[in-house]
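S.K.: This one is start.pdb, PDB, C-alpha atoms and all ligand atoms.
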ATOM      1  CA  MET A   1     -14.793  25.690 -13.594  1.00  0.00           C
ATOM      2  CA  GLY A   2     -15.387  24.799  -9.965  1.00  0.00           C
ATOM      3  CA  THR A   3     -12.103  22.957  -9.715  1.00  0.00           C
ATOM      4  CA  PRO A   4     -10.727  25.018  -6.818  1.00  0.00           C
ATOM      5  CA  GLY A   5     -13.943  24.362  -4.903  1.00  0.00           C
ATOM      6  CA  ARG A   6     -13.697  20.677  -5.608  1.00  0.00           C
ATOM      7  CA  LEU A   7     -10.069  20.649  -4.556  1.00  0.00           C
ATOM      8  CA  ALA A   8     -10.956  22.422  -1.334  1.00  0.00           C
ATOM      9  CA  ASN A   9     -13.698  19.867  -0.704  1.00  0.00           C
ATOM     10  CA  LEU A  10     -11.295  17.033  -1.337  1.00  0.00           C
ATOM     11  CA  LEU A  11      -8.748  18.541   0.990  1.00  0.00           C
ATOM     12  CA  PHE A  12     -11.403  19.028   3.656  1.00  0.00           C
ATOM     13  CA  LEU A  13     -12.602  15.462   3.182  1.00  0.00           C
ATOM     14  CA  SER A  14      -9.137  13.975   3.487  1.00  0.00           C
ATOM     15  CA  LEU A  15      -8.393  16.059   6.570  1.00  0.00           C
ATOM     16  CA  SER A  16     -11.641  14.857   8.142  1.00  0.00           C
ATOM     17  CA  LEU A  17     -10.895  11.259   7.240  1.00  0.00           C
ATOM     18  CA  ALA A  18      -7.416  11.577   8.687  1.00  0.00           C
ATOM     19  CA  GLY A  19      -9.166  12.517  11.914  1.00  0.00           C
ATOM     20  CA  VAL A  20      -7.097  15.630  12.484  1.00  0.00           C
ATOM     21  CA  ALA A  21      -7.662  16.234  16.181  1.00  0.00           C
ATOM     22  CA  GLN A  22      -9.757  19.322  16.758  1.00  0.00           C
ATOM     23  CA  ALA A  23     -10.394  20.635  20.224  1.00  0.00           C
ATOM     24  CA  ASP A  24     -14.080  21.190  19.581  1.00  0.00           C
ATOM     25  CA  ASP A  25     -14.772  17.722  18.173  1.00  0.00           C
ATOM     26  CA  LEU A  26     -15.330  15.248  20.979  1.00  0.00           C
ATOM     27  CA  ARG A  27     -17.590  12.746  19.236  1.00  0.00           C
ATOM     28  CA  LEU A  28     -17.518   9.342  20.887  1.00  0.00           C
ATOM     29  CA  PRO A  29     -15.051   7.020  19.167  1.00  0.00           C
ATOM     30  CA  ALA A  30     -16.577   3.976  17.466  1.00  0.00           C
ATOM     31  CA  GLY A  31     -16.939   0.747  19.371  1.00  0.00           C
ATOM     32  CA  ALA A  32     -18.756   1.913  22.500  1.00  0.00           C
ATOM     33  CA  PRO A  33     -20.643  -0.910  24.200  1.00  0.00           C
ATOM     34  CA  ALA A  34     -24.378  -0.103  24.352  1.00  0.00           C
ATOM     35  CA  ALA A  35     -24.060   0.048  28.132  1.00  0.00           C
ATOM     36  CA  PHE A  36     -21.777   3.052  27.880  1.00  0.00           C
ATOM     37  CA  GLN A  37     -24.557   5.342  26.675  1.00  0.00           C
ATOM     38  CA  ASN A  38     -27.253   3.593  28.753  1.00  0.00           C
ATOM     39  CA  GLU A  39     -25.380   3.486  32.048  1.00  0.00           C
ATOM     40  CA  CYS A  40     -22.812   6.259  31.902  1.00  0.00           C
ATOM     41  CA  GLY A  41     -25.219   8.589  30.138  1.00  0.00           C
ATOM     42  CA  ALA A  42     -28.083   8.024  32.579  1.00  0.00           C
ATOM     43  CA  CYS A  43     -27.221  10.679  35.177  1.00  0.00           C
ATOM     44  CA  HIS A  44     -24.988  12.983  33.124  1.00  0.00           C
ATOM     45  CA  LEU A  45     -23.494  13.199  29.656  1.00  0.00           C
ATOM     46  CA  ALA A  46     -21.644  10.055  28.569  1.00  0.00           C
ATOM     47  CA  PHE A  47     -18.307  11.868  28.875  1.00  0.00           C
ATOM     48  CA  PRO A  48     -15.855  11.676  25.945  1.00  0.00           C
ATOM     49  CA  PRO A  49     -13.173   9.066  26.782  1.00  0.00           C
ATOM     50  CA  ARG A  50     -10.450  11.413  25.540  1.00  0.00           C
ATOM     51  CA  LEU A  51     -10.980  13.727  28.516  1.00  0.00           C
ATOM     52  CA  LEU A  52      -9.307  11.527  31.127  1.00  0.00           C
ATOM     53  CA  VAL A  53      -6.056   9.593  31.028  1.00  0.00           C
ATOM     54  CA  ALA A  54      -6.200   5.780  31.183  1.00  0.00           C
ATOM     55  CA  GLU A  55      -5.154   5.575  34.826  1.00  0.00           C
ATOM     56  CA  ASP A  56      -7.906   7.984  35.868  1.00  0.00           C
ATOM     57  CA  TRP A  57     -10.553   5.970  33.966  1.00  0.00           C
ATOM     58  CA  ARG A  58      -9.381   2.827  35.752  1.00  0.00           C
ATOM     59  CA  ARG A  59      -9.865   4.590  39.050  1.00  0.00           C
ATOM     60  CA  VAL A  60     -13.340   5.855  38.093  1.00  0.00           C
ATOM     61  CA  MET A  61     -14.360   2.339  37.071  1.00  0.00           C
ATOM     62  CA  ALA A  62     -12.900   0.762  40.218  1.00  0.00           C
ATOM     63  CA  GLY A  63     -15.053   2.923  42.480  1.00  0.00           C
ATOM     64  CA  LEU A  64     -18.496   2.934  40.846  1.00  0.00           C
ATOM     65  CA  ASP A  65     -20.284   1.866  44.036  1.00  0.00           C
ATOM     66  CA  ARG A  66     -19.203   5.152  45.631  1.00  0.00           C
ATOM     67  CA  HIS A  67     -19.291   7.444  42.642  1.00  0.00           C
ATOM     68  CA  TYR A  68     -19.206  11.133  43.662  1.00  0.00           C
ATOM     69  CA  GLY A  69     -21.839  10.441  46.310  1.00  0.00           C
ATOM     70  CA  ASP A  70     -23.924   8.141  44.096  1.00  0.00           C
ATOM     71  CA  ASN A  71     -24.012   4.409  43.550  1.00  0.00           C
ATOM     72  CA  ALA A  72     -23.298   3.678  39.878  1.00  0.00           C
ATOM     73  CA  GLY A  73     -22.335   0.036  40.405  1.00  0.00           C
ATOM     74  CA  LEU A  74     -22.496  -2.381  37.467  1.00  0.00           C
ATOM     75  CA  ASP A  75     -22.190  -6.137  37.003  1.00  0.00           C
ATOM     76  CA  ALA A  76     -18.631  -7.235  36.281  1.00  0.00           C
ATOM     77  CA  PRO A  77     -18.940  -7.996  32.526  1.00  0.00           C
ATOM     78  CA  THR A  78     -20.595  -4.633  31.817  1.00  0.00           C
ATOM     79  CA  ARG A  79     -18.047  -2.807  33.940  1.00  0.00           C
ATOM     80  CA  ARG A  80     -15.187  -4.530  32.113  1.00  0.00           C
ATOM     81  CA  ALA A  81     -16.614  -3.757  28.666  1.00  0.00           C
ATOM     82  CA  ILE A  82     -17.002  -0.072  29.506  1.00  0.00           C
ATOM     83  CA  GLU A  83     -13.569   0.134  31.103  1.00  0.00           C
ATOM     84  CA  THR A  84     -11.938  -1.441  28.037  1.00  0.00           C
ATOM     85  CA  TYR A  85     -13.613   1.149  25.829  1.00  0.00           C
ATOM     86  CA  LEU A  86     -12.696   4.105  28.043  1.00  0.00           C
ATOM     87  CA  VAL A  87      -9.101   3.028  28.613  1.00  0.00           C
ATOM     88  CA  GLY A  88      -8.624   2.183  24.926  1.00  0.00           C
ATOM     89  CA  ASN A  89      -9.721   5.674  23.918  1.00  0.00           C
ATOM     90  CA  ALA A  90      -8.287   7.622  26.844  1.00  0.00           C
ATOM     91  CA  GLY A  91      -6.521  10.956  26.494  1.00  0.00           C
ATOM     92  CA  LYS A  92      -2.788  11.465  26.404  1.00  0.00           C
ATOM     93  CA  PRO A  93      -1.207  12.574  29.691  1.00  0.00           C
ATOM     94  CA  LYS A  94       1.014  15.102  27.934  1.00  0.00           C
ATOM     95  CA  LYS A  95      -1.937  16.887  26.392  1.00  0.00           C
ATOM     96  CA  LEU A  96      -4.493  16.597  29.207  1.00  0.00           C
ATOM     97  CA  GLY A  97      -2.514  16.744  32.367  1.00  0.00           C
ATOM     98  CA  SER A  98      -3.677  14.528  35.188  1.00  0.00           C
ATOM     99  CA  SER A  99      -6.760  15.178  37.271  1.00  0.00           C
ATOM    100  CA  GLY A 100      -4.428  15.560  40.217  1.00  0.00           C
ATOM    101  CA  THR A 101      -6.129  12.962  42.381  1.00  0.00           C
ATOM    102  CA  ALA A 102      -3.880   9.939  41.839  1.00  0.00           C
ATOM    103  CA  ALA A 103      -2.497  10.089  45.376  1.00  0.00           C
ATOM    104  CA  SER A 104      -5.847  10.602  47.101  1.00  0.00           C
ATOM    105  CA  ASP A 105      -9.084   8.685  47.621  1.00  0.00           C
ATOM    106  CA  GLU A 106     -10.929  11.287  45.648  1.00  0.00           C
ATOM    107  CA  ALA A 107     -12.405  10.157  42.343  1.00  0.00           C
ATOM    108  CA  PRO A 108     -10.756  11.759  39.295  1.00  0.00           C
ATOM    109  CA  ARG A 109     -12.524  14.631  37.586  1.00  0.00           C
ATOM    110  CA  LEU A 110     -12.070  15.502  33.929  1.00  0.00           C
ATOM    111  CA  THR A 111     -13.030  19.035  34.910  1.00  0.00           C
ATOM    112  CA  ALA A 112      -9.869  19.188  37.052  1.00  0.00           C
ATOM    113  CA  THR A 113      -7.348  18.546  34.285  1.00  0.00           C
ATOM    114  CA  ALA A 114      -5.006  21.279  33.105  1.00  0.00           C
ATOM    115  CA  TRP A 115      -6.581  20.958  29.645  1.00  0.00           C
ATOM    116  CA  PHE A 116     -10.099  21.618  30.929  1.00  0.00           C
ATOM    117  CA  LYS A 117      -8.989  24.585  33.000  1.00  0.00           C
ATOM    118  CA  ARG A 118      -7.071  26.081  30.088  1.00  0.00           C
ATOM    119  CA  LYS A 119     -10.059  25.767  27.762  1.00  0.00           C
ATOM    120  CA  HIS A 120     -12.293  27.507  30.299  1.00  0.00           C
ATOM    121  CA  HIS A 121     -10.038  30.100  31.862  1.00  0.00           C
ATOM    122  CA  GLU A 122     -12.050  32.915  30.279  1.00  0.00           C
ATOM    123  CA  VAL A 123     -15.352  31.705  31.737  1.00  0.00           C
ATOM    124  CA  PRO A 124     -16.382  33.903  34.696  1.00  0.00           C
ATOM    125  CA  GLN A 125     -16.734  31.955  37.978  1.00  0.00           C
ATOM    126  CA  ALA A 126     -20.356  33.000  38.499  1.00  0.00           C
ATOM    127  CA  TYR A 127     -21.418  30.824  35.550  1.00  0.00           C
ATOM    128  CA  TRP A 128     -20.195  27.625  37.194  1.00  0.00           C
ATOM    129  CA  ARG A 129     -22.406  28.343  40.181  1.00  0.00           C
ATOM    130  CA  HIS A 130     -25.464  29.328  38.135  1.00  0.00           C
ATOM    131  CA  ALA A 131     -28.595  27.367  39.151  1.00  0.00           C
ATOM    132  CA  GLU A 132     -28.917  25.828  35.685  1.00  0.00           C
ATOM    133  CA  VAL A 133     -25.291  24.725  35.582  1.00  0.00           C
ATOM    134  CA  ARG A 134     -24.324  23.629  39.110  1.00  0.00           C
ATOM    135  CA  GLY A 135     -20.728  22.824  38.322  1.00  0.00           C
ATOM    136  CA  PRO A 136     -18.441  22.401  35.324  1.00  0.00           C
ATOM    137  CA  SER A 137     -19.357  18.746  34.678  1.00  0.00           C
ATOM    138  CA  ASN A 138     -22.717  19.831  33.233  1.00  0.00           C
ATOM    139  CA  CYS A 139     -21.275  20.371  29.753  1.00  0.00           C
ATOM    140  CA  ALA A 140     -24.628  20.483  27.986  1.00  0.00           C
ATOM    141  CA  ALA A 141     -25.782  23.461  30.063  1.00  0.00           C
ATOM    142  CA  CYS A 142     -23.593  25.654  27.845  1.00  0.00           C
ATOM    143  CA  HIS A 143     -22.475  23.470  24.935  1.00  0.00           C
ATOM    144  CA  LYS A 144     -25.809  22.984  23.198  1.00  0.00           C
ATOM    145  CA  GLN A 145     -24.514  20.203  20.927  1.00  0.00           C
ATOM    146  CA  ALA A 146     -22.519  18.385  23.625  1.00  0.00           C
ATOM    147  CA  VAL A 147     -24.663  15.264  23.357  1.00  0.00           C
ATOM    148  CA  ALA A 148     -23.555  14.984  19.729  1.00  0.00           C
ATOM    149  CA  GLY A 149     -19.935  15.553  20.752  1.00  0.00           C
ATOM    150  CA  SER A 150     -19.652  19.021  19.251  1.00  0.00           C
ATOM    151  CA  TYR A 151     -18.158  21.889  21.281  1.00  0.00           C
ATOM    152  CA  ARG A 152     -17.833  24.603  18.644  1.00  0.00           C
ATOM    153  CA  GLU A 153     -17.714  28.087  20.095  1.00  0.00           C
ATOM    154  CA  ARG A 154     -20.607  29.301  17.994  1.00  0.00           C
ATOM    155  CA  GLU A 155     -22.846  26.682  19.617  1.00  0.00           C
ATOM    156  CA  ILE A 156     -22.180  27.886  23.167  1.00  0.00           C
ATOM    157  CA  VAL A 157     -25.125  29.561  24.895  1.00  0.00           C
ATOM    158  CA  MET A 158     -24.453  30.698  28.445  1.00  0.00           C
ATOM    159  CA  PRO A 159     -27.067  30.034  31.166  1.00  0.00           C
ATOM    160  CA  ASP A 160     -28.147  33.695  31.104  1.00  0.00           C
ATOM    161  CA  GLY A 161     -29.123  33.190  27.477  1.00  0.00           C
ATOM    162  CA  HIS A 162     -26.316  35.063  25.741  1.00  0.00           C
ATOM    163  CA  ARG A 163     -24.293  33.451  23.006  1.00  0.00           C
ATOM    164  CA  TRP A 164     -20.633  33.241  23.974  1.00  0.00           C
ATOM    165  CA  GLN A 165     -19.538  34.640  20.645  1.00  0.00           C
ATOM    166  CA  ASP A 166     -21.782  37.731  20.732  1.00  0.00           C
TER
HETATM  167  C1  LIG A 201     -26.491   7.184  39.421  1.00  0.00           C
HETATM  168  C2  LIG A 201     -26.043   8.306  38.626  1.00  0.00           C
HETATM  169  C3  LIG A 201     -24.708   8.154  37.899  1.00  0.00           C
HETATM  170  C4  LIG A 201     -24.347   7.168  37.019  1.00  0.00           C
HETATM  171  C5  LIG A 201     -25.130   5.931  36.579  1.00  0.00           C
HETATM  172  C6  LIG A 201     -22.998   7.518  36.562  1.00  0.00           C
HETATM  173  N1  LIG A 201     -22.601   8.696  37.128  1.00  0.00           N
HETATM  174 FE1  LIG A 201     -20.822   9.637  36.801  1.00  0.00          FE
HETATM  175  N2  LIG A 201     -21.373  11.081  38.135  1.00  0.00           N
HETATM  176  C7  LIG A 201     -22.545  11.128  38.848  1.00  0.00           C
HETATM  177  C8  LIG A 201     -22.537  12.291  39.721  1.00  0.00           C
HETATM  178  C9  LIG A 201     -23.649  12.721  40.678  1.00  0.00           C
HETATM  179  C10 LIG A 201     -21.315  12.954  39.489  1.00  0.00           C
HETATM  180  C11 LIG A 201     -20.808  14.247  40.130  1.00  0.00           C
HETATM  181  C12 LIG A 201     -21.250  15.414  39.284  1.00  0.00           C
HETATM  182  C13 LIG A 201     -20.675  16.729  39.759  1.00  0.00           C
HETATM  183  O1  LIG A 201     -20.106  16.817  40.839  1.00  0.00           O
HETATM  184  O2  LIG A 201     -20.775  17.695  38.995  1.00  0.00           O
HETATM  185  C14 LIG A 201     -20.603  12.167  38.485  1.00  0.00           C
HETATM  186  C15 LIG A 201     -19.357  12.508  37.977  1.00  0.00           C
HETATM  187  C16 LIG A 201     -18.643  11.769  37.059  1.00  0.00           C
HETATM  188  C17 LIG A 201     -17.327  12.113  36.569  1.00  0.00           C
HETATM  189  C18 LIG A 201     -16.523  13.349  36.959  1.00  0.00           C
HETATM  190  C19 LIG A 201     -17.009  14.577  36.207  1.00  0.00           C
HETATM  191  C20 LIG A 201     -16.204  15.795  36.574  1.00  0.00           C
HETATM  192  O3  LIG A 201     -16.627  16.548  37.459  1.00  0.00           O
HETATM  193  O4  LIG A 201     -15.146  15.988  35.952  1.00  0.00           O
HETATM  194  C21 LIG A 201     -16.946  11.131  35.700  1.00  0.00           C
HETATM  195  C22 LIG A 201     -15.637  11.058  34.935  1.00  0.00           C
HETATM  196  C23 LIG A 201     -18.034  10.179  35.641  1.00  0.00           C
HETATM  197  N3  LIG A 201     -19.060  10.604  36.465  1.00  0.00           N
HETATM  198  C24 LIG A 201     -18.031   9.040  34.863  1.00  0.00           C
HETATM  199  C25 LIG A 201     -19.055   8.095  34.841  1.00  0.00           C
HETATM  200  C26 LIG A 201     -18.990   6.839  34.132  1.00  0.00           C
HETATM  201  C27 LIG A 201     -17.816   6.378  33.289  1.00  0.00           C
HETATM  202  C28 LIG A 201     -20.183   6.194  34.351  1.00  0.00           C
HETATM  203  C29 LIG A 201     -20.601   4.820  33.850  1.00  0.00           C
HETATM  204  C30 LIG A 201     -19.774   3.711  34.270  1.00  0.00           C
HETATM  205  C31 LIG A 201     -20.986   7.042  35.223  1.00  0.00           C
HETATM  206  N4  LIG A 201     -20.264   8.183  35.506  1.00  0.00           N
HETATM  207  C32 LIG A 201     -22.266   6.750  35.683  1.00  0.00           C
HETATM  208  C33 LIG A 201     -23.586  10.236  38.750  1.00  0.00           C
HETATM  209  C34 LIG A 201     -23.609   9.109  37.963  1.00  0.00           C
HETATM  210  C1  LIG A 202     -20.757  27.443  32.135  1.00  0.00           C
HETATM  211  C2  LIG A 202     -20.708  27.046  30.732  1.00  0.00           C
HETATM  212  C3  LIG A 202     -19.808  25.874  30.350  1.00  0.00           C
HETATM  213  C4  LIG A 202     -19.799  24.586  30.839  1.00  0.00           C
HETATM  214  C5  LIG A 202     -20.672  24.011  31.928  1.00  0.00           C
HETATM  215  C6  LIG A 202     -18.779  23.881  30.097  1.00  0.00           C
HETATM  216  N1  LIG A 202     -18.192  24.707  29.188  1.00  0.00           N
HETATM  217 FE1  LIG A 202     -16.801  24.199  27.797  1.00  0.00          FE
HETATM  218  N2  LIG A 202     -16.660  26.131  27.208  1.00  0.00           N
HETATM  219  C7  LIG A 202     -17.461  27.175  27.670  1.00  0.00           C
HETATM  220  C8  LIG A 202     -17.037  28.406  27.041  1.00  0.00           C
HETATM  221  C9  LIG A 202     -17.665  29.784  27.261  1.00  0.00           C
HETATM  222  C10 LIG A 202     -15.953  28.078  26.188  1.00  0.00           C
HETATM  223  C11 LIG A 202     -15.147  29.014  25.296  1.00  0.00           C
HETATM  224  C12 LIG A 202     -14.097  29.669  26.166  1.00  0.00           C
HETATM  225  C13 LIG A 202     -13.222  30.617  25.383  1.00  0.00           C
HETATM  226  O1  LIG A 202     -13.557  31.001  24.274  1.00  0.00           O
HETATM  227  O2  LIG A 202     -12.174  30.982  25.915  1.00  0.00           O
HETATM  228  C14 LIG A 202     -15.751  26.630  26.319  1.00  0.00           C
HETATM  229  C15 LIG A 202     -14.791  25.910  25.626  1.00  0.00           C
HETATM  230  C16 LIG A 202     -14.747  24.519  25.570  1.00  0.00           C
HETATM  231  C17 LIG A 202     -13.940  23.755  24.653  1.00  0.00           C
HETATM  232  C18 LIG A 202     -12.976  24.319  23.607  1.00  0.00           C
HETATM  233  C19 LIG A 202     -13.615  24.410  22.254  1.00  0.00           C
HETATM  234  C20 LIG A 202     -12.614  24.911  21.227  1.00  0.00           C
HETATM  235  O3  LIG A 202     -13.038  25.253  20.125  1.00  0.00           O
HETATM  236  O4  LIG A 202     -11.412  24.950  21.513  1.00  0.00           O
HETATM  237  C21 LIG A 202     -14.176  22.438  24.900  1.00  0.00           C
HETATM  238  C22 LIG A 202     -13.618  21.240  24.160  1.00  0.00           C
HETATM  239  C23 LIG A 202     -15.135  22.385  25.997  1.00  0.00           C
HETATM  240  N3  LIG A 202     -15.450  23.681  26.366  1.00  0.00           N
HETATM  241  C24 LIG A 202     -15.591  21.222  26.562  1.00  0.00           C
HETATM  242  C25 LIG A 202     -16.399  21.181  27.695  1.00  0.00           C
HETATM  243  C26 LIG A 202     -16.767  19.952  28.376  1.00  0.00           C
HETATM  244  C27 LIG A 202     -16.353  18.566  27.938  1.00  0.00           C
HETATM  245  C28 LIG A 202     -17.566  20.318  29.428  1.00  0.00           C
HETATM  246  C29 LIG A 202     -18.167  19.420  30.482  1.00  0.00           C
HETATM  247  C30 LIG A 202     -17.282  18.462  31.136  1.00  0.00           C
HETATM  248  C31 LIG A 202     -17.697  21.779  29.405  1.00  0.00           C
HETATM  249  N4  LIG A 202     -16.973  22.255  28.347  1.00  0.00           N
HETATM  250  C32 LIG A 202     -18.460  22.543  30.285  1.00  0.00           C
HETATM  251  C33 LIG A 202     -18.490  27.057  28.565  1.00  0.00           C
HETATM  252  C34 LIG A 202     -18.803  25.945  29.316  1.00  0.00           C
END
Turn the structure described in the file into structure tokens.

M.R.:
Amino acid sequence: MGTPGRLANLLFLSLSLAGVAQADDLRLPAGAPAAFQNECGACHLAFPPRLLVAEDWRRVMAGLDRHYGDNAGLDAPTRRAIETYLVGNAGKPKKLGSSGTAASDEAPRLTATAWFKRKHHEVPQAYWRHAEVRGPSNCAACHKQAVAGSYREREIVMPDGHRWQD
């Protein structure tokens, strides 16, 4: 008795170990330098590397002294270590789409990729402007487990307090 359950568990375990890519699982890949969380998580969420393509991460890291109106400058060794991590774990252009800023001076935004827009096309505009959200980059305002890298739909609570799935 219990064999089917055990088989199901085994199957689940092997799928998890194989790292089957799931849209709602954006846990940080292993190997992050400590500075990634400390520096890049100081003003906002330490964004999952998979959400920008390598070229966009290079551009973010090349312009830290003028970072979306802030100065996020780092010493060269720290900057290099973080860039290596981000570029090494970057998203695939085919899946993400570019942030559309390659030809401009504007810094790339992961919230501007085709992937991000597709995932959020059902979210009414008013929510992005809500006082407790102030723009799509504030993932944790709605995804209550974003810090842990989990974006499951049942964890989403909108800024007006209603659960997305209700
Ligand atoms: C001094 C504060 C500060 C630090 C430190 C900082 N950022 Fe930012 N970052 C910002 C601000 C402000 C924005 C713009 C937020 C917005 O417009 O919603 C931003 C936006 C971003 C965006 C674009 C988000 C979007 O809208 O798609 C990325 C990517 C990003 N930061 C990456 C990083 C990385 C990588 C680091 C570490 C090397 C870092 N940030 C460190 C303040 C900071
Ligand atoms: C205003 C609230 C809000 C903000 C801010 C927000 N999201 Fe979402 N997100 C949602 C909602 C609602 C859905 C589900 C949409 C649907 O079901 O069509 C969603 C869906 C997703 C999904 C898909 C999950 C799945 O199971 O396919 C991912 C991944 C995601 N968001 C990541 C992010 C990231 C990363 C950020 C920050 C850069 C962010 N979101 C910011 C509300 C938000």

S.K.: Using the chain letters and numbers from this file, what does the PyMOL selection byres (((chain A and resi 55-69) around 8) and not hetatm) select? Give the answer as a PyMOL selection string.

M.R.: chain A and resi 52-54+70-74+79+83+86-87+90+98-99+102+107-108

S.K.: Limited to C-alpha atoms, could you put the picked residues into a file as a short mmCIF file (atom, residue, chain, number, x, y, z; two decimals), keeping the file's coordinate frame?

M.R.:
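Okay, this is what ended up in again.cif:
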data_model
loop_
_atom_site.label_atom_id
_atom_site.label_comp_id
_atom_site.auth_asym_id
_atom_site.auth_seq_id
_atom_site.Cartn_x
_atom_site.Cartn_y
_atom_site.Cartn_z
CA LEU A 52 -9.31 11.53 31.13
CA VAL A 53 -6.06 9.59 31.03
CA ALA A 54 -6.20 5.78 31.18
CA ASP A 70 -23.92 8.14 44.10
CA ASN A 71 -24.01 4.41 43.55
CA ALA A 72 -23.30 3.68 39.88
CA GLY A 73 -22.34 0.04 40.40
CA LEU A 74 -22.50 -2.38 37.47
CA ARG A 79 -18.05 -2.81 33.94
CA GLU A 83 -13.57 0.13 31.10
CA LEU A 86 -12.70 4.11 28.04
CA VAL A 87 -9.10 3.03 28.61
CA ALA A 90 -8.29 7.62 26.84
CA SER A 98 -3.68 14.53 35.19
CA SER A 99 -6.76 15.18 37.27
CA ALA A 102 -3.88 9.94 41.84
CA ALA A 107 -12.40 10.16 42.34
CA PRO A 108 -10.76 11.76 39.30
#

S.K.: How far is it from atom CA of A:Ala81 to atom FE1 of ligand LIG 201 (chain A), in Å with one decimal?

M.R.: 16.2 Å

S.K.: Throw together the list of residues within 6 Å of ligand LIG 202 (chain A), counting only C-alpha atoms and all ligand atoms, and drop it here as a ChimeraX atom specification.

M.R.: /A:23-24,111,119-120,122-123,127-128,133,136-139,141-142,151-153,158,164

S.K.: Excluding A:Gly97 and any residue of its chain fewer than 5 positions from it, enumerate the residues within 10 Å of it, using only C-alpha atoms, and give them as a list in words.

M.R.: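 Close residues of A:Gly97: Leu51, Leu52, Val53, Gly91, Lys92, Leu110, Ala112, Thr113, Ala114, Trp115 and Phe116 of chain A.
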
S.K.: Any chance you can output those residues with C-alpha atoms as a CSV table (one decimal), keeping the file's coordinate frame?

M.R.:
chain,number,residue,atom,x,y,z
A,51,LEU,CA,-11.0,13.7,28.5
A,52,LEU,CA,-9.3,11.5,31.1
A,53,VAL,CA,-6.1,9.6,31.0
A,91,GLY,CA,-6.5,11.0,26.5
A,92,LYS,CA,-2.8,11.5,26.4
A,110,LEU,CA,-12.1,15.5,33.9
A,112,ALA,CA,-9.9,19.2,37.1
A,113,THR,CA,-7.3,18.5,34.3
A,114,ALA,CA,-5.0,21.3,33.1
A,115,TRP,CA,-6.6,21.0,29.6
A,116,PHE,CA,-10.1,21.6,30.9

S.K.: Find the residue from A:Ala76, A:Ala35, A:Asp25, A:Arg109 that sits nearest to ligand LIG 201 (chain A); use all atoms listed in the file when measuring.

M.R.: A:Arg109

S.K.: Between atom C14 of ligand LIG 201 (chain A) and atom CA of A:Asp105, measure the distance and give it in Å to one decimal.

M.R.: 15.1 Å

S.K.: Between atom CA of A:Glu39 and atom CA of A:Arg154, what is the distance in Å, rounded to a tenth?

M.R.: 29.8 Å

S.K.: Pick from A:Gln22, A:Gln165, A:Thr101, A:Gln37: nearest to ligand LIG 201 (chain A), with only C-alpha atoms and all ligand atoms counted?

M.R.: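 When distances to ligand LIG 201 (chain A) are compared using only C-alpha atoms and all ligand atoms, the smallest one comes from A:Gln37.
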
S.K.: May I ask which of the residues A:Ala126, A:Ala30, A:Val157, A:Cys40 is the closest one to ligand LIG 201 (chain A), counting only C-alpha atoms and all ligand atoms?

M.R.: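 Smallest separation from ligand LIG 201 (chain A) among the options: A:Cys40.
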
S.K.: Can you list what the PyMOL selection byres (((chain A and resi 48) around 8) and not hetatm) grabs from this structure, as a PyMOL selection string?

M.R.: chain A and resi 26-28+46-47+49-51+149

S.K.: Considering only C-alpha atoms and all ligand atoms, can you say which of A:Arg118, A:Arg129, A:Lys144, A:Arg134 comes closest to ligand LIG 201 (chain A)?

M.R.: A:Arg134

S.K.: Between A:Gly135, A:Gly88, A:Ala140, A:Thr78, which is the closest to ligand LIG 201 (chain A) once you count all atoms listed in the file?

M.R.: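 The answer is A:Gly135, which sits nearest to ligand LIG 201 (chain A).
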
S.K.: Given the choices A:Lys95, A:Arg163, A:His143, A:Lys117, which gets closest to ligand LIG 201 (chain A) if the distance is worked out from all atoms listed in the file?

M.R.: A:Lys117

S.K.: Provide an axis-aligned box for all listed atoms of stretch 121-132 of chain A, padding each side by 3 Å; report its centre and its edge lengths in Å to one decimal, as AutoDock Vina command-line options.

M.R.:
--center_x -19.5 --center_y 29.9 --center_z 35.2 --size_x 24.9 --size_y 14.1 --size_z 15.9
